[in-house]
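Source file: structure_27.cif; contents: mmCIF, N, CA and C atoms.
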```cif
data_data
#
loop_
_atom_site.label_atom_id
_atom_site.label_comp_id
_atom_site.auth_asym_id
_atom_site.auth_seq_id
_atom_site.Cartn_x
_atom_site.Cartn_y
_atom_site.Cartn_z
N MET A 4 -56.88 13.29 -11.66
CA MET A 4 -55.52 13.24 -11.21
C MET A 4 -54.80 12.10 -11.91
N LYS A 5 -53.60 12.41 -12.45
CA LYS A 5 -52.83 11.41 -13.18
C LYS A 5 -51.88 10.67 -12.25
N ASN A 6 -51.62 9.43 -12.58
CA ASN A 6 -50.59 8.66 -11.89
C ASN A 6 -49.36 8.62 -12.77
N GLY A 7 -48.16 8.72 -12.16
CA GLY A 7 -46.93 8.63 -12.94
C GLY A 7 -46.20 9.96 -13.01
N TRP A 8 -45.13 9.96 -13.80
CA TRP A 8 -44.25 11.11 -13.94
C TRP A 8 -44.37 11.68 -15.35
N SER A 9 -44.24 12.98 -15.45
CA SER A 9 -44.24 13.59 -16.77
C SER A 9 -42.81 13.54 -17.32
N PHE A 10 -42.67 13.77 -18.61
CA PHE A 10 -41.37 13.74 -19.27
C PHE A 10 -40.43 14.80 -18.70
N VAL A 11 -40.96 15.99 -18.42
CA VAL A 11 -40.14 17.08 -17.89
C VAL A 11 -39.63 16.73 -16.49
N GLU A 12 -40.45 16.11 -15.67
CA GLU A 12 -40.03 15.71 -14.33
C GLU A 12 -38.90 14.66 -14.41
N LEU A 13 -39.04 13.71 -15.29
CA LEU A 13 -37.99 12.71 -15.47
C LEU A 13 -36.70 13.33 -15.99
N LEU A 14 -36.82 14.29 -16.89
CA LEU A 14 -35.65 14.98 -17.43
C LEU A 14 -34.93 15.78 -16.34
N VAL A 15 -35.66 16.46 -15.50
CA VAL A 15 -35.07 17.22 -14.39
C VAL A 15 -34.37 16.26 -13.42
N LEU A 16 -34.99 15.13 -13.14
CA LEU A 16 -34.39 14.13 -12.26
C LEU A 16 -33.08 13.59 -12.84
N MET A 17 -33.06 13.32 -14.14
CA MET A 17 -31.84 12.82 -14.79
C MET A 17 -30.72 13.86 -14.75
N VAL A 18 -31.04 15.12 -14.98
CA VAL A 18 -30.03 16.18 -14.92
C VAL A 18 -29.48 16.31 -13.50
N PHE A 19 -30.37 16.27 -12.53
CA PHE A 19 -29.94 16.37 -11.13
C PHE A 19 -29.02 15.20 -10.75
N LEU A 20 -29.39 13.99 -11.12
CA LEU A 20 -28.57 12.83 -10.80
C LEU A 20 -27.22 12.86 -11.52
N SER A 21 -27.18 13.30 -12.75
CA SER A 21 -25.91 13.36 -13.48
C SER A 21 -24.98 14.40 -12.86
N ILE A 22 -25.50 15.53 -12.43
CA ILE A 22 -24.67 16.54 -11.75
C ILE A 22 -24.15 15.99 -10.43
N LEU A 23 -25.01 15.34 -9.67
CA LEU A 23 -24.62 14.77 -8.40
C LEU A 23 -23.53 13.70 -8.57
N LEU A 24 -23.68 12.83 -9.54
CA LEU A 24 -22.68 11.78 -9.79
C LEU A 24 -21.37 12.36 -10.31
N SER A 25 -21.42 13.41 -11.09
CA SER A 25 -20.18 14.01 -11.58
C SER A 25 -19.38 14.66 -10.46
N ILE A 26 -20.03 15.03 -9.39
CA ILE A 26 -19.33 15.58 -8.22
C ILE A 26 -18.82 14.46 -7.32
N ILE A 27 -19.62 13.44 -7.10
CA ILE A 27 -19.29 12.37 -6.16
C ILE A 27 -18.21 11.43 -6.71
N PHE A 28 -18.23 11.11 -7.99
CA PHE A 28 -17.32 10.11 -8.53
C PHE A 28 -15.84 10.45 -8.34
N PRO A 29 -15.36 11.65 -8.68
CA PRO A 29 -13.93 11.94 -8.46
C PRO A 29 -13.53 11.92 -6.98
N VAL A 30 -14.42 12.38 -6.12
CA VAL A 30 -14.12 12.37 -4.69
C VAL A 30 -14.01 10.94 -4.17
N SER A 31 -14.94 10.10 -4.57
CA SER A 31 -14.90 8.71 -4.10
C SER A 31 -13.72 7.95 -4.70
N LYS A 32 -13.34 8.25 -5.94
CA LYS A 32 -12.19 7.58 -6.55
C LYS A 32 -10.92 7.92 -5.80
N LYS A 33 -10.74 9.19 -5.43
CA LYS A 33 -9.56 9.60 -4.67
C LYS A 33 -9.55 8.93 -3.29
N TRP A 34 -10.68 8.82 -2.66
CA TRP A 34 -10.77 8.17 -1.36
C TRP A 34 -10.43 6.69 -1.47
N ILE A 35 -10.94 6.02 -2.50
CA ILE A 35 -10.65 4.59 -2.70
C ILE A 35 -9.17 4.39 -3.00
N ASP A 36 -8.57 5.24 -3.84
CA ASP A 36 -7.13 5.16 -4.11
C ASP A 36 -6.33 5.34 -2.84
N GLY A 37 -6.72 6.27 -2.00
CA GLY A 37 -6.03 6.50 -0.74
C GLY A 37 -6.10 5.28 0.18
N MET A 38 -7.22 4.62 0.22
CA MET A 38 -7.37 3.42 1.05
C MET A 38 -6.51 2.28 0.51
N ILE A 39 -6.45 2.12 -0.81
CA ILE A 39 -5.61 1.08 -1.43
C ILE A 39 -4.15 1.33 -1.11
N VAL A 40 -3.71 2.57 -1.28
CA VAL A 40 -2.32 2.93 -1.03
C VAL A 40 -1.96 2.69 0.44
N HIS A 41 -2.79 3.14 1.34
CA HIS A 41 -2.53 2.96 2.77
C HIS A 41 -2.44 1.47 3.11
N SER A 42 -3.29 0.68 2.53
CA SER A 42 -3.27 -0.77 2.76
C SER A 42 -1.97 -1.40 2.27
N GLU A 43 -1.50 -1.01 1.09
CA GLU A 43 -0.25 -1.56 0.54
C GLU A 43 0.95 -1.14 1.39
N ILE A 44 0.97 0.11 1.87
CA ILE A 44 2.07 0.57 2.71
C ILE A 44 2.08 -0.20 4.03
N GLN A 45 0.91 -0.41 4.60
CA GLN A 45 0.84 -1.16 5.84
C GLN A 45 1.29 -2.62 5.64
N LYS A 46 1.00 -3.18 4.47
CA LYS A 46 1.44 -4.53 4.16
C LYS A 46 2.97 -4.59 4.13
N ILE A 47 3.60 -3.62 3.49
CA ILE A 47 5.07 -3.58 3.42
C ILE A 47 5.66 -3.46 4.82
N VAL A 48 5.14 -2.54 5.61
CA VAL A 48 5.68 -2.32 6.96
C VAL A 48 5.49 -3.56 7.83
N SER A 49 4.33 -4.21 7.73
CA SER A 49 4.11 -5.40 8.56
C SER A 49 5.03 -6.54 8.17
N PHE A 50 5.36 -6.68 6.89
CA PHE A 50 6.30 -7.72 6.48
C PHE A 50 7.72 -7.40 6.94
N VAL A 51 8.11 -6.13 6.94
CA VAL A 51 9.43 -5.76 7.46
C VAL A 51 9.50 -6.06 8.95
N ARG A 52 8.46 -5.72 9.70
CA ARG A 52 8.42 -6.02 11.14
C ARG A 52 8.44 -7.53 11.38
N TYR A 53 7.70 -8.27 10.58
CA TYR A 53 7.68 -9.73 10.71
C TYR A 53 9.08 -10.30 10.49
N THR A 54 9.80 -9.79 9.50
CA THR A 54 11.16 -10.25 9.23
C THR A 54 12.07 -9.92 10.40
N LYS A 55 11.92 -8.74 10.96
CA LYS A 55 12.74 -8.34 12.11
C LYS A 55 12.50 -9.27 13.29
N TYR A 56 11.23 -9.54 13.60
CA TYR A 56 10.92 -10.39 14.74
C TYR A 56 11.26 -11.85 14.48
N LEU A 57 11.19 -12.28 13.24
CA LEU A 57 11.59 -13.64 12.88
C LEU A 57 13.09 -13.83 13.11
N SER A 58 13.86 -12.79 12.89
CA SER A 58 15.31 -12.89 13.07
C SER A 58 15.70 -13.03 14.54
N TYR A 59 14.84 -12.63 15.48
CA TYR A 59 15.15 -12.80 16.89
C TYR A 59 15.28 -14.28 17.25
N GLY A 60 14.40 -15.10 16.69
CA GLY A 60 14.37 -16.52 17.05
C GLY A 60 15.34 -17.38 16.27
N LEU A 61 15.86 -16.89 15.18
CA LEU A 61 16.76 -17.68 14.35
C LEU A 61 18.20 -17.27 14.60
N GLU A 62 19.09 -18.20 14.45
CA GLU A 62 20.51 -17.92 14.61
C GLU A 62 21.11 -17.37 13.33
N ASP A 63 20.35 -17.37 12.26
CA ASP A 63 20.84 -16.94 10.96
C ASP A 63 20.23 -15.59 10.59
N LYS A 64 20.75 -15.02 9.53
CA LYS A 64 20.24 -13.75 9.03
C LYS A 64 18.94 -13.99 8.26
N VAL A 65 18.04 -13.03 8.36
CA VAL A 65 16.76 -13.10 7.66
C VAL A 65 16.65 -11.88 6.76
N LYS A 66 16.31 -12.12 5.49
CA LYS A 66 16.27 -11.04 4.50
C LYS A 66 14.88 -11.00 3.87
N ILE A 67 14.42 -9.80 3.60
CA ILE A 67 13.15 -9.62 2.89
C ILE A 67 13.43 -8.83 1.62
N GLU A 68 12.88 -9.31 0.50
CA GLU A 68 13.07 -8.66 -0.80
C GLU A 68 11.71 -8.25 -1.36
N PHE A 69 11.71 -7.06 -1.95
CA PHE A 69 10.48 -6.53 -2.55
C PHE A 69 10.67 -6.36 -4.05
N SER A 70 9.72 -6.83 -4.81
CA SER A 70 9.56 -6.49 -6.21
C SER A 70 8.05 -6.45 -6.36
N LYS A 71 7.48 -7.18 -7.26
CA LYS A 71 6.03 -7.37 -7.23
C LYS A 71 5.68 -8.43 -6.20
N ASP A 72 6.63 -9.33 -5.93
CA ASP A 72 6.45 -10.36 -4.91
C ASP A 72 7.24 -9.97 -3.67
N ILE A 73 6.76 -10.40 -2.52
CA ILE A 73 7.47 -10.19 -1.27
C ILE A 73 8.05 -11.54 -0.86
N LYS A 74 9.37 -11.62 -0.77
CA LYS A 74 10.03 -12.87 -0.42
C LYS A 74 10.82 -12.71 0.87
N ILE A 75 10.71 -13.70 1.74
CA ILE A 75 11.51 -13.75 2.96
C ILE A 75 12.49 -14.90 2.81
N ILE A 76 13.79 -14.60 2.99
CA ILE A 76 14.84 -15.58 2.76
C ILE A 76 15.54 -15.88 4.08
N THR A 77 15.55 -17.15 4.44
CA THR A 77 16.26 -17.61 5.64
C THR A 77 17.09 -18.83 5.27
N SER A 78 18.35 -18.84 5.62
CA SER A 78 19.26 -19.97 5.42
C SER A 78 19.18 -20.54 4.00
N GLY A 79 19.12 -19.67 3.02
CA GLY A 79 19.05 -20.12 1.64
C GLY A 79 17.66 -20.56 1.21
N GLU A 80 16.72 -20.57 2.12
CA GLU A 80 15.34 -20.96 1.81
C GLU A 80 14.53 -19.70 1.55
N SER A 81 13.85 -19.67 0.43
CA SER A 81 13.08 -18.49 0.03
C SER A 81 11.59 -18.83 0.06
N LYS A 82 10.82 -18.00 0.74
CA LYS A 82 9.37 -18.19 0.80
C LYS A 82 8.68 -16.95 0.29
N GLU A 83 7.79 -17.13 -0.66
CA GLU A 83 7.00 -16.00 -1.14
C GLU A 83 5.86 -15.78 -0.16
N LYS A 84 5.81 -14.59 0.41
CA LYS A 84 4.84 -14.31 1.46
C LYS A 84 3.67 -13.45 1.00
N GLY A 85 3.83 -12.73 -0.08
CA GLY A 85 2.75 -11.85 -0.50
C GLY A 85 3.06 -11.23 -1.84
N ARG A 86 2.17 -10.35 -2.25
CA ARG A 86 2.30 -9.70 -3.53
C ARG A 86 1.87 -8.26 -3.40
N LEU A 87 2.64 -7.35 -4.04
CA LEU A 87 2.24 -5.95 -4.10
C LEU A 87 1.42 -5.75 -5.36
N SER A 88 0.15 -5.50 -5.20
CA SER A 88 -0.76 -5.45 -6.34
C SER A 88 -0.82 -4.08 -7.00
N PHE A 89 -0.73 -3.02 -6.22
CA PHE A 89 -1.03 -1.71 -6.74
C PHE A 89 0.12 -0.72 -6.72
N VAL A 90 1.22 -1.05 -6.02
CA VAL A 90 2.32 -0.10 -5.89
C VAL A 90 3.62 -0.70 -6.43
N ASP A 91 4.55 0.18 -6.76
CA ASP A 91 5.89 -0.21 -7.19
C ASP A 91 6.88 0.34 -6.16
N VAL A 92 8.03 -0.35 -6.03
CA VAL A 92 9.04 0.10 -5.08
C VAL A 92 10.31 0.46 -5.83
N ASN A 93 11.06 1.39 -5.26
CA ASN A 93 12.31 1.84 -5.86
C ASN A 93 13.27 2.17 -4.72
N GLY A 94 14.54 2.20 -5.00
CA GLY A 94 15.53 2.46 -3.97
C GLY A 94 15.99 1.15 -3.37
N CYS A 95 16.13 1.12 -2.05
CA CYS A 95 16.54 -0.10 -1.35
C CYS A 95 15.38 -1.08 -1.40
N GLN A 96 15.55 -2.17 -2.14
CA GLN A 96 14.44 -3.12 -2.32
C GLN A 96 14.57 -4.35 -1.45
N SER A 97 15.51 -4.34 -0.53
CA SER A 97 15.61 -5.45 0.42
C SER A 97 16.14 -4.92 1.75
N PHE A 98 15.67 -5.56 2.81
CA PHE A 98 16.14 -5.28 4.15
C PHE A 98 16.51 -6.62 4.77
N ALA A 99 17.48 -6.62 5.68
CA ALA A 99 17.88 -7.86 6.32
C ALA A 99 18.19 -7.60 7.78
N PHE A 100 17.92 -8.61 8.61
CA PHE A 100 18.11 -8.49 10.05
C PHE A 100 18.85 -9.71 10.57
N SER A 101 19.62 -9.49 11.61
CA SER A 101 20.28 -10.56 12.34
C SER A 101 20.04 -10.31 13.82
N LYS A 102 19.26 -11.18 14.43
CA LYS A 102 18.89 -11.04 15.85
C LYS A 102 18.25 -9.68 16.13
N GLY A 103 17.42 -9.22 15.22
CA GLY A 103 16.68 -7.97 15.39
C GLY A 103 17.41 -6.72 14.98
N VAL A 104 18.69 -6.85 14.66
CA VAL A 104 19.49 -5.69 14.26
C VAL A 104 19.65 -5.71 12.74
N PRO A 105 19.36 -4.61 12.07
CA PRO A 105 19.48 -4.62 10.61
C PRO A 105 20.93 -4.64 10.15
N TYR A 106 21.22 -5.52 9.18
CA TYR A 106 22.53 -5.45 8.55
C TYR A 106 22.40 -4.98 7.12
N ILE A 107 21.20 -4.93 6.59
CA ILE A 107 20.92 -4.20 5.35
C ILE A 107 19.77 -3.25 5.68
N SER A 108 20.07 -1.97 5.75
CA SER A 108 19.04 -0.97 6.03
C SER A 108 19.06 0.04 4.90
N GLY A 109 18.13 0.95 4.92
CA GLY A 109 18.10 1.96 3.88
C GLY A 109 16.71 2.54 3.71
N THR A 110 16.52 3.19 2.59
CA THR A 110 15.26 3.86 2.29
C THR A 110 14.65 3.29 1.02
N MET A 111 13.36 2.99 1.08
CA MET A 111 12.62 2.47 -0.06
C MET A 111 11.52 3.47 -0.40
N LYS A 112 11.42 3.81 -1.67
CA LYS A 112 10.37 4.73 -2.12
C LYS A 112 9.25 3.92 -2.74
N VAL A 113 8.03 4.27 -2.41
CA VAL A 113 6.85 3.56 -2.89
C VAL A 113 6.10 4.47 -3.85
N TYR A 114 5.76 3.92 -5.01
CA TYR A 114 5.08 4.69 -6.07
C TYR A 114 3.72 4.08 -6.38
N PHE A 115 2.76 4.95 -6.67
CA PHE A 115 1.42 4.53 -7.08
C PHE A 115 1.06 5.31 -8.34
N ARG A 116 0.88 4.60 -9.42
CA ARG A 116 0.58 5.21 -10.72
C ARG A 116 1.60 6.27 -11.12
N GLY A 117 2.86 5.97 -10.87
CA GLY A 117 3.94 6.84 -11.31
C GLY A 117 4.31 7.99 -10.38
N SER A 118 3.55 8.22 -9.31
CA SER A 118 3.92 9.30 -8.40
C SER A 118 4.29 8.74 -7.03
N LYS A 119 5.29 9.35 -6.41
CA LYS A 119 5.77 8.87 -5.12
C LYS A 119 4.73 9.16 -4.05
N ILE A 120 4.42 8.14 -3.27
CA ILE A 120 3.40 8.31 -2.25
C ILE A 120 3.93 8.08 -0.85
N ALA A 121 5.09 7.40 -0.74
CA ALA A 121 5.61 7.13 0.60
C ALA A 121 7.09 6.82 0.53
N THR A 122 7.74 7.02 1.67
CA THR A 122 9.13 6.64 1.85
C THR A 122 9.20 5.81 3.12
N ILE A 123 9.75 4.61 3.00
CA ILE A 123 9.89 3.72 4.15
C ILE A 123 11.38 3.57 4.42
N THR A 124 11.78 3.89 5.65
CA THR A 124 13.19 3.85 6.02
C THR A 124 13.37 2.90 7.19
N VAL A 125 14.34 1.99 7.06
CA VAL A 125 14.75 1.15 8.18
C VAL A 125 16.06 1.75 8.69
N MET A 126 16.03 2.21 9.93
CA MET A 126 17.18 2.90 10.51
C MET A 126 18.29 1.89 10.84
N PRO A 127 19.54 2.26 10.55
CA PRO A 127 20.64 1.38 10.93
C PRO A 127 20.76 1.30 12.46
N VAL A 128 21.31 0.24 12.93
CA VAL A 128 21.56 -0.06 14.34
C VAL A 128 20.28 -0.33 15.12
N THR A 129 19.33 0.60 15.13
CA THR A 129 18.12 0.41 15.93
C THR A 129 17.07 -0.44 15.23
N GLY A 130 17.01 -0.36 13.91
CA GLY A 130 16.01 -1.10 13.16
C GLY A 130 14.63 -0.49 13.21
N LEU A 131 14.53 0.75 13.68
CA LEU A 131 13.23 1.42 13.69
C LEU A 131 12.75 1.64 12.26
N ILE A 132 11.45 1.53 12.06
CA ILE A 132 10.86 1.69 10.73
C ILE A 132 10.13 3.02 10.71
N LYS A 133 10.56 3.88 9.80
CA LYS A 133 9.98 5.23 9.67
C LYS A 133 9.21 5.29 8.35
N VAL A 134 7.96 5.70 8.42
CA VAL A 134 7.13 5.81 7.22
C VAL A 134 6.71 7.25 7.05
N GLU A 135 6.98 7.80 5.88
CA GLU A 135 6.54 9.16 5.54
C GLU A 135 5.60 9.05 4.36
N GLU A 136 4.33 9.28 4.61
CA GLU A 136 3.33 9.21 3.54
C GLU A 136 3.08 10.61 3.02
N GLY A 137 2.74 10.68 1.76
CA GLY A 137 2.39 11.96 1.16
C GLY A 137 2.24 11.82 -0.34
N TRP A 138 1.27 12.48 -0.86
CA TRP A 138 1.03 12.44 -2.31
C TRP A 138 1.86 13.52 -2.90
#
```
Go through the file and emit its structure as structure tokens.
Amino acid sequence: MKNGWSFVELLVLMVFLSILLSIIFPVSKKWIDGMIVHSEIQKIVSFVRYTKYLSYGLEDKVKIEFSKDIKIITSGESKEKGRLSFVDVNGCQSFAFSKGVPYISGTMKVYFRGSKIATITVMPVTGLIKVEEGW
């Protein structure tokens, strides 16, 4: 009785593994991209909510601007709060609140690798944040 693997057995194993990886890799890449996108959208929404709640305590207007950097502006003071690493924004790139009520509202479109993946809308008067995700 021999110990070890024959060449044919190793070749069959390599073919099986390559077929398995060729199926798994695209599925896992799409799943990872989806998780990254969802995380970036949640980051944007949480910063908009933070700006809204920050405006409740201040007597001045609070504005948030999006580009690659996320900036919150209060009384002429600008603080960089975060960075958008994987997505680009288009449309309304800033929102502003005064005592929780938006005075700059609108719709912002979020893009990932050139395709639109979400629309974030801050409703006028109420300040509700509506997120529509979709590839």
Check: Got a sec: who's within 8 Å of Asn93 of chain A, counting only N, CA and C atoms, leaving out chain neighbours fewer than 2 positions off, as a list in words?
Finding: Phe69, Val90, Asp91, Cys95, Gln96, Thr110, Met111, Lys112, Val113 and Tyr114 of chain A
Next item on the list: Write out as a list in words the residues lying within 8 Å of Val128 of chain A, counting only N, CA and C atoms and excluding same-chain residues fewer than 3 positions away.
Entry: Gly103, Val104, Pro105, Tyr106, Ser108, Val125 and Leu131 of chain A
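Going from atom C of Tyr59 of chain A over to atom N of Lys71 of chain A, you cover 26.7 Å.
Separating atom CA of Lys46 of chain A from atom CA of Lys66 of chain A is a distance of 16.2 Å.
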Notebook entry, point to check: Can you tell me, as number ranges by chain, which residues sit within 7 Å of (8.0, 4.0, 9.1) in the file's frame, using all atoms listed in the file?
Noted result: A: 122-125, 131-135
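Between atom N of Tyr56 of chain A and atom C of Asp36 of chain A the separation is 28.3 Å.
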DSSP on the backbone, helix (DSSP H, G or I) only: what residues of segment 9-126 of chain A does that give? Format it as a short mmCIF file (atom, residue, chain, number, x, y, z; two decimals) with N, CA and C atoms, in the frame of the given file.
```cif
data_model
loop_
_atom_site.label_atom_id
_atom_site.label_comp_id
_atom_site.auth_asym_id
_atom_site.auth_seq_id
_atom_site.Cartn_x
_atom_site.Cartn_y
_atom_site.Cartn_z
N PHE A 10 -42.67 13.77 -18.61
CA PHE A 10 -41.37 13.74 -19.27
C PHE A 10 -40.43 14.80 -18.70
N VAL A 11 -40.96 15.99 -18.42
CA VAL A 11 -40.14 17.08 -17.89
C VAL A 11 -39.63 16.73 -16.49
N GLU A 12 -40.45 16.11 -15.67
CA GLU A 12 -40.03 15.71 -14.33
C GLU A 12 -38.90 14.66 -14.41
N LEU A 13 -39.04 13.71 -15.29
CA LEU A 13 -37.99 12.71 -15.47
C LEU A 13 -36.70 13.33 -15.99
N LEU A 14 -36.82 14.29 -16.89
CA LEU A 14 -35.65 14.98 -17.43
C LEU A 14 -34.93 15.78 -16.34
N VAL A 15 -35.66 16.46 -15.50
CA VAL A 15 -35.07 17.22 -14.39
C VAL A 15 -34.37 16.26 -13.42
N LEU A 16 -34.99 15.13 -13.14
CA LEU A 16 -34.39 14.13 -12.26
C LEU A 16 -33.08 13.59 -12.84
N MET A 17 -33.06 13.32 -14.14
CA MET A 17 -31.84 12.82 -14.79
C MET A 17 -30.72 13.86 -14.75
N VAL A 18 -31.04 15.12 -14.98
CA VAL A 18 -30.03 16.18 -14.92
C VAL A 18 -29.48 16.31 -13.50
N PHE A 19 -30.37 16.27 -12.53
CA PHE A 19 -29.94 16.37 -11.13
C PHE A 19 -29.02 15.20 -10.75
N LEU A 20 -29.39 13.99 -11.12
CA LEU A 20 -28.57 12.83 -10.80
C LEU A 20 -27.22 12.86 -11.52
N SER A 21 -27.18 13.30 -12.75
CA SER A 21 -25.91 13.36 -13.48
C SER A 21 -24.98 14.40 -12.86
N ILE A 22 -25.50 15.53 -12.43
CA ILE A 22 -24.67 16.54 -11.75
C ILE A 22 -24.15 15.99 -10.43
N LEU A 23 -25.01 15.34 -9.67
CA LEU A 23 -24.62 14.77 -8.40
C LEU A 23 -23.53 13.70 -8.57
N LEU A 24 -23.68 12.83 -9.54
CA LEU A 24 -22.68 11.78 -9.79
C LEU A 24 -21.37 12.36 -10.31
N SER A 25 -21.42 13.41 -11.09
CA SER A 25 -20.18 14.01 -11.58
C SER A 25 -19.38 14.66 -10.46
N ILE A 26 -20.03 15.03 -9.39
CA ILE A 26 -19.33 15.58 -8.22
C ILE A 26 -18.82 14.46 -7.32
N ILE A 27 -19.62 13.44 -7.10
CA ILE A 27 -19.29 12.37 -6.16
C ILE A 27 -18.21 11.43 -6.71
N PHE A 28 -18.23 11.11 -7.99
CA PHE A 28 -17.32 10.11 -8.53
C PHE A 28 -15.84 10.45 -8.34
N PRO A 29 -15.36 11.65 -8.68
CA PRO A 29 -13.93 11.94 -8.46
C PRO A 29 -13.53 11.92 -6.98
N VAL A 30 -14.42 12.38 -6.12
CA VAL A 30 -14.12 12.37 -4.69
C VAL A 30 -14.01 10.94 -4.17
N SER A 31 -14.94 10.10 -4.57
CA SER A 31 -14.90 8.71 -4.10
C SER A 31 -13.72 7.95 -4.70
N LYS A 32 -13.34 8.25 -5.94
CA LYS A 32 -12.19 7.58 -6.55
C LYS A 32 -10.92 7.92 -5.80
N LYS A 33 -10.74 9.19 -5.43
CA LYS A 33 -9.56 9.60 -4.67
C LYS A 33 -9.55 8.93 -3.29
N TRP A 34 -10.68 8.82 -2.66
CA TRP A 34 -10.77 8.17 -1.36
C TRP A 34 -10.43 6.69 -1.47
N ILE A 35 -10.94 6.02 -2.50
CA ILE A 35 -10.65 4.59 -2.70
C ILE A 35 -9.17 4.39 -3.00
N ASP A 36 -8.57 5.24 -3.84
CA ASP A 36 -7.13 5.16 -4.11
C ASP A 36 -6.33 5.34 -2.84
N GLY A 37 -6.72 6.27 -2.00
CA GLY A 37 -6.03 6.50 -0.74
C GLY A 37 -6.10 5.28 0.18
N MET A 38 -7.22 4.62 0.22
CA MET A 38 -7.37 3.42 1.05
C MET A 38 -6.51 2.28 0.51
N ILE A 39 -6.45 2.12 -0.81
CA ILE A 39 -5.61 1.08 -1.43
C ILE A 39 -4.15 1.33 -1.11
N VAL A 40 -3.71 2.57 -1.28
CA VAL A 40 -2.32 2.93 -1.03
C VAL A 40 -1.96 2.69 0.44
N HIS A 41 -2.79 3.14 1.34
CA HIS A 41 -2.53 2.96 2.77
C HIS A 41 -2.44 1.47 3.11
N SER A 42 -3.29 0.68 2.53
CA SER A 42 -3.27 -0.77 2.76
C SER A 42 -1.97 -1.40 2.27
N GLU A 43 -1.50 -1.01 1.09
CA GLU A 43 -0.25 -1.56 0.54
C GLU A 43 0.95 -1.14 1.39
N ILE A 44 0.97 0.11 1.87
CA ILE A 44 2.07 0.57 2.71
C ILE A 44 2.08 -0.20 4.03
N GLN A 45 0.91 -0.41 4.60
CA GLN A 45 0.84 -1.16 5.84
C GLN A 45 1.29 -2.62 5.64
N LYS A 46 1.00 -3.18 4.47
CA LYS A 46 1.44 -4.53 4.16
C LYS A 46 2.97 -4.59 4.13
N ILE A 47 3.60 -3.62 3.49
CA ILE A 47 5.07 -3.58 3.42
C ILE A 47 5.66 -3.46 4.82
N VAL A 48 5.14 -2.54 5.61
CA VAL A 48 5.68 -2.32 6.96
C VAL A 48 5.49 -3.56 7.83
N SER A 49 4.33 -4.21 7.73
CA SER A 49 4.11 -5.40 8.56
C SER A 49 5.03 -6.54 8.17
N PHE A 50 5.36 -6.68 6.89
CA PHE A 50 6.30 -7.72 6.48
C PHE A 50 7.72 -7.40 6.94
N VAL A 51 8.11 -6.13 6.94
CA VAL A 51 9.43 -5.76 7.46
C VAL A 51 9.50 -6.06 8.95
N ARG A 52 8.46 -5.72 9.70
CA ARG A 52 8.42 -6.02 11.14
C ARG A 52 8.44 -7.53 11.38
N TYR A 53 7.70 -8.27 10.58
CA TYR A 53 7.68 -9.73 10.71
C TYR A 53 9.08 -10.30 10.49
N THR A 54 9.80 -9.79 9.50
CA THR A 54 11.16 -10.25 9.23
C THR A 54 12.07 -9.92 10.40
N LYS A 55 11.92 -8.74 10.96
CA LYS A 55 12.74 -8.34 12.11
C LYS A 55 12.50 -9.27 13.29
N TYR A 56 11.23 -9.54 13.60
CA TYR A 56 10.92 -10.39 14.74
C TYR A 56 11.26 -11.85 14.48
N LEU A 57 11.19 -12.28 13.24
CA LEU A 57 11.59 -13.64 12.88
C LEU A 57 13.09 -13.83 13.11
N SER A 58 13.86 -12.79 12.89
CA SER A 58 15.31 -12.89 13.07
C SER A 58 15.70 -13.03 14.54
N TYR A 59 14.84 -12.63 15.48
CA TYR A 59 15.15 -12.80 16.89
C TYR A 59 15.28 -14.28 17.25
N GLY A 60 14.40 -15.10 16.69
CA GLY A 60 14.37 -16.52 17.05
C GLY A 60 15.34 -17.38 16.27
#
```
Note to self: I need the residue nearest Ser70 of chain A from this list: A:Val48, A:Val92, A:Lys119, A:Ile22. Use all atoms listed in the file for the distance.
What the structure shows: A:Val92
Next item on the list: Check the smallest atom-to-atom distance from each of A:Arg52, A:Met17, A:Asn6, A:Phe89 to Phe115 of chain A using only N, CA and C atoms, then report the winner.
Entry: A:Phe89
Notebook entry, point to check: Contacts of Glu83 of chain A at 8 Å or less, counting only C-alpha atoms, minus same-chain residues fewer than 4 places along, as a VMD selection string?
Noted result: chain A and resid 72 to 75
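Minimum atom-to-atom distances from A:His41, A:Lys64, A:Arg86, A:Arg116 to Phe98 of chain A were compared using only C-alpha atoms, and the lowest value belongs to A:Lys64.
Using only N, CA and C atoms, the smallest distance between any of A:Ser118, A:Val15, A:Thr77, A:Ser97 and Asp63 of chain A comes from A:Thr77.
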Next item on the list: Could you give me, as JSON, numbers by chain, each residue of segment 39-124 of chain A that DSSP assigns to strand (DSSP E or B) when run on this structure's backbone?
Entry: {"A": [65, 66, 67, 68, 69, 72, 73, 74, 75, 76, 77, 80, 81, 82, 83, 84, 85, 86, 91, 92, 93, 94, 97, 98, 99, 100, 101, 104, 105, 106, 107, 109, 110, 111, 112, 113, 114, 115, 118, 119, 120, 121, 122, 123, 124]}
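Here the question is which of A:Glu43, A:Glu136, A:Glu12, A:Glu62 gets nearest to Leu87 of chain A using only C-alpha atoms, and that residue is A:Glu43.
Distances to Phe100 of chain A were evaluated for A:Gly7, A:Ile47, A:Val65, A:Met126 using only N, CA and C atoms, and the minimum falls at A:Val65.
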Can you report as JSON the centre and edge lengths in Å, to one decimal, of an axis-aligned box around the listed atoms of segment 114-128 of chain A padded with 4 Å on each side?
```
{"center_x": 11.1, "center_y": 4.5, "center_z": 1.9, "size_x": 29.0, "size_y": 17.7, "size_z": 34.4}
```
